[in-house]
Structures are given as C-alpha cells and as structure tokens.
>>> print(open('final15.txt').read())   # compact mmCIF, C-alpha atoms
# COMPACT_ATOMS: atom_id res chain seq x y z
CA MET M 1 47.68 78.16 -103.86
CA LYS M 2 47.90 78.95 -100.15
CA SER M 3 49.14 82.42 -99.21
CA SER M 4 52.46 82.98 -97.46
CA LYS M 5 50.57 84.27 -94.40
CA HIS M 6 48.63 81.00 -94.21
CA LYS M 7 51.84 78.97 -94.47
CA ASN M 8 53.52 81.11 -91.82
CA LYS M 9 50.56 80.73 -89.46
CA LYS M 10 50.43 76.96 -89.95
CA PHE M 11 54.15 76.66 -89.25
CA TRP M 12 54.03 78.67 -86.03
CA ASP M 13 50.84 77.04 -84.75
CA LYS M 14 52.65 73.72 -85.06
CA GLU M 15 55.72 75.07 -83.27
CA TYR M 16 53.71 76.39 -80.33
CA ASN M 17 51.39 73.41 -80.10
CA LYS M 18 52.41 71.05 -77.30
CA ARG M 19 52.58 68.14 -79.73
CA GLY M 20 54.77 70.06 -82.13
CA ALA M 21 56.74 72.34 -79.82
CA GLY M 22 60.38 72.54 -80.77
CA HIS M 23 59.91 70.49 -83.93
CA ASN M 24 62.02 72.91 -85.94
CA LEU M 25 62.89 75.67 -83.46
CA ALA M 26 63.52 75.82 -79.74
CA VAL M 27 60.37 77.50 -78.41
CA SER M 28 61.21 78.96 -75.00
CA THR M 29 59.13 80.39 -72.16
CA ALA M 30 62.11 82.25 -70.65
CA PRO M 31 62.66 85.92 -71.51
CA SER M 32 65.14 86.74 -74.25
CA SER M 33 68.65 87.10 -72.83
CA ASP M 34 69.25 89.93 -75.31
CA LEU M 35 66.25 91.83 -73.93
CA VAL M 36 67.48 91.32 -70.37
CA LYS M 37 70.87 92.65 -71.45
CA PHE M 38 69.19 95.74 -72.97
CA LEU M 39 67.29 96.46 -69.73
CA LYS M 40 70.50 96.22 -67.69
CA TRP M 41 72.22 98.61 -70.10
CA LEU M 42 69.32 101.05 -69.85
CA ASP M 43 69.48 100.95 -66.06
CA LYS M 44 73.14 101.94 -66.22
CA HIS M 45 72.46 104.87 -68.57
CA PRO M 46 69.95 107.14 -66.82
CA GLU M 47 71.12 110.04 -68.98
CA SER M 48 68.61 108.90 -71.58
CA GLY M 49 65.98 110.65 -69.48
CA VAL M 50 63.46 107.83 -69.88
CA GLU M 51 62.87 105.28 -67.12
CA LEU M 52 61.11 101.99 -67.77
CA GLY M 53 59.30 100.54 -64.79
CA ALA M 54 55.92 100.10 -63.16
CA GLY M 55 53.22 101.47 -65.43
CA SER M 56 55.42 101.73 -68.52
CA PHE M 57 53.59 100.54 -71.63
CA VAL M 58 55.27 97.92 -73.81
CA TYR M 59 54.12 96.86 -77.27
CA ASP M 60 55.45 93.56 -78.57
CA ILE M 61 55.32 93.05 -82.34
CA GLY M 62 55.08 89.32 -82.98
CA CYS M 63 54.99 88.44 -79.29
CA GLY M 64 54.86 84.67 -79.72
CA ASN M 65 53.86 82.99 -76.45
CA GLY M 66 54.24 86.30 -74.62
CA ARG M 67 57.40 85.34 -72.78
CA ASN M 68 58.96 88.81 -72.92
CA LEU M 69 55.81 90.75 -72.02
CA LEU M 70 55.08 88.32 -69.18
CA TYR M 71 58.61 88.84 -67.85
CA LEU M 72 58.39 92.63 -68.04
CA ALA M 73 55.03 92.63 -66.25
CA ARG M 74 56.08 90.22 -63.49
CA GLU M 75 59.53 91.65 -62.81
CA PHE M 76 58.98 95.38 -63.39
CA GLY M 77 55.24 95.97 -63.16
CA MET M 78 55.00 97.07 -66.79
CA ILE M 79 51.74 96.90 -68.71
CA GLY M 80 51.31 96.33 -72.40
CA ALA M 81 50.00 94.49 -75.40
CA GLY M 82 51.22 92.21 -78.14
CA PHE M 83 50.09 90.31 -81.20
CA ASP M 84 51.12 87.23 -83.09
CA ILE M 85 49.91 85.27 -86.11
CA SER M 86 49.71 82.03 -84.10
CA ASP M 87 46.48 81.12 -82.28
CA GLU M 88 48.43 78.58 -80.22
CA ALA M 89 50.96 81.18 -79.07
CA ILE M 90 48.34 83.77 -78.14
CA ALA M 91 46.27 81.19 -76.23
CA HIS M 92 49.34 80.37 -74.16
CA ALA M 93 50.14 84.06 -73.55
CA LYS M 94 46.57 84.86 -72.45
CA SER M 95 46.48 81.86 -70.12
CA LYS M 96 49.69 82.90 -68.38
CA ALA M 97 48.63 86.56 -68.08
CA ASP M 98 45.25 85.59 -66.61
CA LYS M 99 46.84 83.14 -64.19
CA HIS M 100 49.12 85.83 -62.75
CA ASN M 101 46.55 88.66 -63.06
CA LEU M 102 48.82 90.74 -65.29
CA ASN M 103 47.65 93.85 -67.14
CA LEU M 104 48.52 92.59 -70.61
CA GLY M 105 46.50 92.32 -73.81
CA PHE M 106 47.13 89.74 -76.52
CA LYS M 107 45.47 89.21 -79.88
CA VAL M 108 45.87 87.15 -83.03
CA LYS M 109 46.95 89.39 -85.90
CA ALA M 110 49.02 88.96 -89.03
CA LEU M 111 52.16 91.05 -89.42
CA ASP M 112 51.31 93.74 -91.98
CA GLY M 113 53.47 96.75 -91.15
CA LEU M 114 50.71 98.52 -89.19
CA ILE M 115 50.28 99.04 -85.43
CA ASP M 116 46.83 99.46 -83.89
CA MET M 117 47.90 101.94 -81.20
CA PRO M 118 47.44 105.72 -80.69
CA ASP M 119 50.22 108.21 -81.35
CA ASN M 120 52.75 108.72 -78.52
CA SER M 121 51.29 105.90 -76.39
CA VAL M 122 54.17 103.41 -76.05
CA ASP M 123 57.25 103.57 -73.83
CA LEU M 124 58.99 100.51 -75.25
CA ALA M 125 58.43 98.70 -78.55
CA LEU M 126 59.82 95.23 -79.22
CA ASP M 127 60.59 93.96 -82.72
CA MET M 128 62.54 90.80 -82.09
CA MET M 129 63.13 88.52 -85.06
CA VAL M 130 59.79 89.49 -86.59
CA SER M 131 59.88 92.26 -89.21
CA HIS M 132 62.24 90.29 -91.46
CA PHE M 133 59.10 88.47 -92.64
CA LEU M 134 57.92 91.71 -94.28
CA ASN M 135 58.90 92.93 -97.72
CA ALA M 136 60.76 96.24 -98.18
CA ARG M 137 57.55 98.27 -98.26
CA GLY M 138 56.24 96.59 -95.12
CA ARG M 139 59.49 97.07 -93.21
CA ASN M 140 59.53 100.75 -94.09
CA SER M 141 55.89 101.11 -93.01
CA LEU M 142 56.53 99.36 -89.70
CA ARG M 143 59.53 101.59 -88.98
CA LYS M 144 57.34 104.68 -89.37
CA GLU M 145 54.56 103.12 -87.30
CA ILE M 146 56.92 102.36 -84.42
CA ALA M 147 58.18 105.96 -84.43
CA ARG M 148 54.56 107.17 -84.49
CA VAL M 149 53.33 105.19 -81.49
CA LEU M 150 56.42 105.69 -79.33
CA LYS M 151 56.41 108.54 -76.85
CA PRO M 152 59.08 111.24 -77.25
CA GLY M 153 62.29 109.57 -76.11
CA GLY M 154 60.66 106.14 -76.09
CA TRP M 155 62.68 103.04 -76.88
CA LEU M 156 62.74 100.39 -79.59
CA PHE M 157 64.56 97.14 -78.92
CA TYR M 158 65.20 95.69 -82.36
CA LYS M 159 66.74 92.33 -83.21
CA THR M 160 67.02 90.70 -86.61
CA PHE M 161 69.20 88.53 -88.81
CA LEU M 162 72.53 90.05 -89.85
CA LEU M 163 73.96 89.39 -93.31
CA ASP M 164 77.50 90.63 -92.63
CA GLY M 165 79.81 87.66 -92.23
CA ASP M 166 76.99 85.07 -92.21
CA ARG M 167 77.87 82.35 -94.70
CA ASN M 168 74.60 80.50 -94.09
CA ALA M 169 72.60 83.61 -94.99
CA LYS M 170 74.60 84.17 -98.17
CA ARG M 171 74.10 80.53 -99.16
CA MET M 172 70.34 80.78 -98.65
CA LEU M 173 70.16 83.97 -100.71
CA LYS M 174 71.90 82.11 -103.53
CA GLU M 175 69.99 78.82 -103.27
CA TYR M 176 66.50 80.14 -102.41
CA PRO M 177 66.12 83.55 -104.11
CA SER M 178 62.82 85.37 -103.63
CA GLY M 179 63.10 88.10 -106.23
CA GLU M 180 63.79 90.84 -103.67
CA GLU M 181 67.35 91.88 -102.83
CA GLY M 182 68.52 90.50 -99.48
CA THR M 183 65.54 88.15 -99.21
CA TYR M 184 65.27 84.38 -99.65
CA MET M 185 62.41 81.87 -99.47
CA HIS M 186 62.72 79.99 -96.21
CA PRO M 187 63.17 76.31 -97.16
CA LYS M 188 61.04 75.01 -94.26
CA MET M 189 58.38 77.70 -93.83
CA SER M 190 58.11 78.54 -97.55
CA VAL M 191 57.81 82.26 -96.76
CA ALA M 192 60.07 85.16 -97.69
CA GLU M 193 62.64 86.12 -95.04
CA HIS M 194 64.89 89.18 -95.22
CA VAL M 195 68.42 89.41 -93.87
CA SER M 196 69.89 92.89 -93.31
CA SER M 197 73.36 94.39 -93.35
CA GLU M 198 74.37 96.73 -90.54
CA GLU M 199 74.60 99.57 -93.06
CA GLU M 200 71.02 98.91 -94.19
CA ILE M 201 69.75 98.95 -90.60
CA ARG M 202 71.55 102.19 -89.76
CA GLU M 203 70.17 103.84 -92.88
CA LEU M 204 66.61 102.60 -92.32
CA TYR M 205 66.29 103.41 -88.63
CA GLY M 206 68.69 106.34 -88.30
CA GLU M 207 66.10 108.70 -89.79
CA TYR M 208 63.73 108.28 -86.83
CA PHE M 209 65.90 106.93 -84.02
CA ASN M 210 69.12 107.56 -82.15
CA LEU M 211 70.93 104.22 -82.36
CA HIS M 212 72.67 104.22 -78.98
CA LYS M 213 74.14 100.73 -79.23
CA VAL M 214 74.52 98.05 -81.87
CA LEU M 215 75.50 94.52 -80.86
CA LYS M 216 76.38 91.77 -83.32
CA SER M 217 76.51 88.07 -82.45
CA HIS M 218 79.88 86.33 -82.89
CA ASN M 219 79.00 82.63 -82.81
CA HIS M 220 78.23 82.42 -86.52
CA LEU M 221 81.59 80.77 -87.22
CA LYS M 222 83.17 77.73 -85.60
CA ASN M 223 86.68 76.61 -86.57
CA GLY M 224 86.39 78.85 -89.61
CA ARG M 225 83.14 77.25 -90.81
CA ALA M 226 79.55 78.45 -90.85
CA ASN M 227 77.89 77.70 -87.51
CA LYS M 228 74.79 79.53 -86.22
CA ARG M 229 72.86 82.28 -87.97
CA ARG M 230 74.16 85.75 -87.16
CA SER M 231 71.96 88.35 -85.46
CA ILE M 232 72.14 92.05 -84.61
CA SER M 233 70.50 93.88 -81.69
CA VAL M 234 69.88 97.64 -81.70
CA TYR M 235 69.05 99.95 -78.77
CA ALA M 236 67.16 102.74 -80.50
CA GLN M 237 65.58 105.84 -78.94
CA ASN M 238 62.84 107.85 -80.63
CA LEU M 239 64.18 111.20 -81.82
CA LYS M 240 60.92 113.14 -81.51
>>> encode(input="final15.txt", output="structure tokens")
Amino acid sequence: MKSSKHKNKKFWDKEYNKRGAGHNLAVSTAPSSDLVKFLKWLDKHPESGVELGAGSFVYDIGCGNGRNLLYLAREFGMIGAGFDISDEAIAHAKSKADKHNLNLGFKVKALDGLIDMPDNSVDLALDMMVSHFLNARGRNSLRKEIARVLKPGGWLFYKTFLLDGDRNAKRMLKEYPSGEEGTYMHPKMSVAEHVSSEEEIRELYGEYFNLHKVLKSHNHLKNGRANKRRSISVYAQNLK
C-alpha cells in the first residue's frame, strides 16, 4: 500500500504540472491576498517593534510554487527559503527565483513537523494551508519548531481551515472519518486533513505567541447553504 506522503506528493505534482494545473484546485502564481493584507496591517502597527523589509528572512512551510516568497523578495527585498513536497512546484519556484536573481532557496521536502533552520534565525514564518496535513503530534512539533527558529518578536502568519460554522467540514468529518478527532480523510487526495476550531488554535498557539489578530472568512454560507470552505488567518508574534 502506498504511503499517505506518496499520495500527497503525486496529487500535488499533478496540480503543479502544466498538463494538470488546476485540475482540482486553482493553482495561482499571484501572492496570497491574505498575506498582502497581513503586511499592510503590520505596516500600520509599528508598535510591534519589528519591521519586515529588505534583508528580513522569511521561511515558507509548504511554499508550493514559491509565489509568496517570490513576491516578498521582489516587492520588499526580503530573503528566505521554503520547501514543498512537490518536485514540480519547487522546479517552478527555483526557475522564477533564478530568472529574477532573487536570494531565495527552495528544496523538495516532506512535511514532518521539523524545520531545518538555526534557532532565532527567521523574521517571518509562513504556514498557509499546510500544517493541517499533519497529525496532532506533528502539529504540536511544528508549533514548537516555529517558535524556536523565529527571532524574538518575529512573526508567524498562519492560515488554516476553520471548523466553526463550516457545514462542509462537519459533513466530511462525518462521512470520511480518519480516527483522529477533527480530522477526515480527504476524498480526492486520500490523505488525512485536520480542521481546527478557533478555540483549538488559540490554545495551541497562545502558549508561544501573542495572537494580535484573528480573521475568519465569511463566504462559507450562501443563501443559508454551505458554500466555500471556511478559513482562519492569525497574526502571531513570538513571545520570546
């Protein structure tokens, strides 16, 4: 039987391959609008004492085709690194970084809850719709790893699926149970996927981070019926 990591890799390689791009998901090359919104908020709140700009180091967990790192490097002069399970995605990211002579490093790596970076070396960490593929132990490990590699006062931009009010998520938990609370087996990717409540997120990350802002999407219902999946974005600052 093929492992869940193998299935996940195969799925994403197909998504990022030109022949398969967008087959199941809309693979974009534009930066995440939620990340752009976070950067604008940060610019308006200098009281945090931490400025992100030229020379700031960004680490992108599950960077995909590198769209967010490429944007941060081009627009703000940031440097950084990222990894993803997909060879296709990393090949695209490396090609774009080389073309524009950007100081970014990309590598193929499976998500395992560990970060190959020194202590206190990162200004901004990105976990955007990635760590929900980990089990409870892996998510807890990754949370500690992010706090370890972030500089004092460094930032985590975190985005994941939100269970609260999401009828689609509750249906999938009922129809495709995985054996772990809050986790279902994705019907297309055949891998476990966790969906969190806001309370769970605050409890998990509040130990290591100051959660300055929490934003929840509101397009999960349309005319009283389930519409899109619901997400939550968190602006979290390292407490150390």
>>> atom_distance(input="final15.txt", atom1="CA of Glu145 (chain M)", atom2="CA of Ser233 (chain M)")
19.3 Å
>>> closest_residue(input="final15.txt", among="M:Ile79, M:Val108, M:Leu102, M:Val234", to="Lys159 (chain M)", atoms="all atoms listed in the file")
M:Val234
>>> closest_atom_pairs(input="final15.txt", of="region 132-178 of chain M", to="region 28-38 of chain M", cutoff="12 Å", atoms="only C-alpha atoms", output="tab-separated table")
residue	atom	partner	partner_atom	distance
M:Trp155	CA	M:Phe38	CA	10.5
M:Leu156	CA	M:Phe38	CA	10.3
M:Phe157	CA	M:Leu35	CA	7.5
M:Tyr158	CA	M:Leu35	CA	9.3
M:Lys159	CA	M:Asp34	CA	8.6
M:Thr160	CA	M:Asp34	CA	11.5
>>> residues_near_point(input="final15.txt", point="(46.0, 83.5, -78.2)", cutoff="12 Å", atoms="only C-alpha atoms", output="PyMOL selection string")
chain M and resi 13+16-17+62-66+82-98+105-109
>>> closest_residue(input="final15.txt", among="M:Ser48, M:Ser56, M:Asn103, M:Ser197", to="Leu70 (chain M)", atoms="all atoms listed in the file")
M:Asn103
>>> atom_distance(input="final15.txt", atom1="CA of Ser190 (chain M)", atom2="CA of Pro177 (chain M)")
11.5 Å
>>> atom_distance(input="final15.txt", atom1="CA of Lys14 (chain M)", atom2="CA of Arg67 (chain M)")
17.6 Å
>>> residues_near_point(input="final15.txt", point="(71.6, 87.6, -88.4)", cutoff="9 Å", atoms="all atoms listed in the file", output="PyMOL selection string")
chain M and resi 159-164+166+169+195-197+216-217+220+228-232
>>> closest_residue(input="final15.txt", among="M:Arg74, M:Arg171, M:Lys240, M:Arg148", to="Ala54 (chain M)", atoms="only C-alpha atoms")
M:Arg74
>>> closest_atom_pairs(input="final15.txt", of="region 42-81 of chain M", to="region 113-131 of chain M", cutoff="6 Å", atoms="all atoms listed in the file", output="tab-separated table")
residue	atom	partner	partner_atom	distance
M:Ser56	CA	M:Asp123	CA	5.9
M:Phe57	CA	M:Asp123	CA	5.2
M:Val58	CA	M:Leu124	CA	4.8
M:Tyr59	CA	M:Ala125	CA	4.9
M:Asp60	CA	M:Leu126	CA	4.7
M:Ile61	CA	M:Asp127	CA	5.4
M:Gly62	CA	M:Val130	CA	5.9
>>> axis_aligned_box(input="final15.txt", around="region 35-48 of chain M", padding_each_side="8 Å", output="lines of an AutoDock Vina configuration file")
center_x = 69.7
center_y = 100.7
center_z = -70.0
size_x = 22.9
size_y = 34.7
size_z = 23.9
>>> closest_residue(input="final15.txt", among="M:Lys188, M:Lys213, M:Lys174, M:His194", to="His132 (chain M)", atoms="only C-alpha atoms")
M:His194
>>> closest_residue(input="final15.txt", among="M:Tyr208, M:Ala81, M:Ala110, M:Glu198", to="Asn140 (chain M)", atoms="only C-alpha atoms")
M:Tyr208
>>> residues_around(input="final15.txt", residues="Ala136 (chain M)", least_positions_apart="6", cutoff="10 Å", atoms="all atoms listed in the file", output="ChimeraX atom specification")
/M:142,180-183,194
>>> closest_residue(input="final15.txt", among="M:Glu51, M:Val214, M:Gly138, M:Met189", to="Glu15 (chain M)", atoms="all atoms listed in the file")
M:Met189
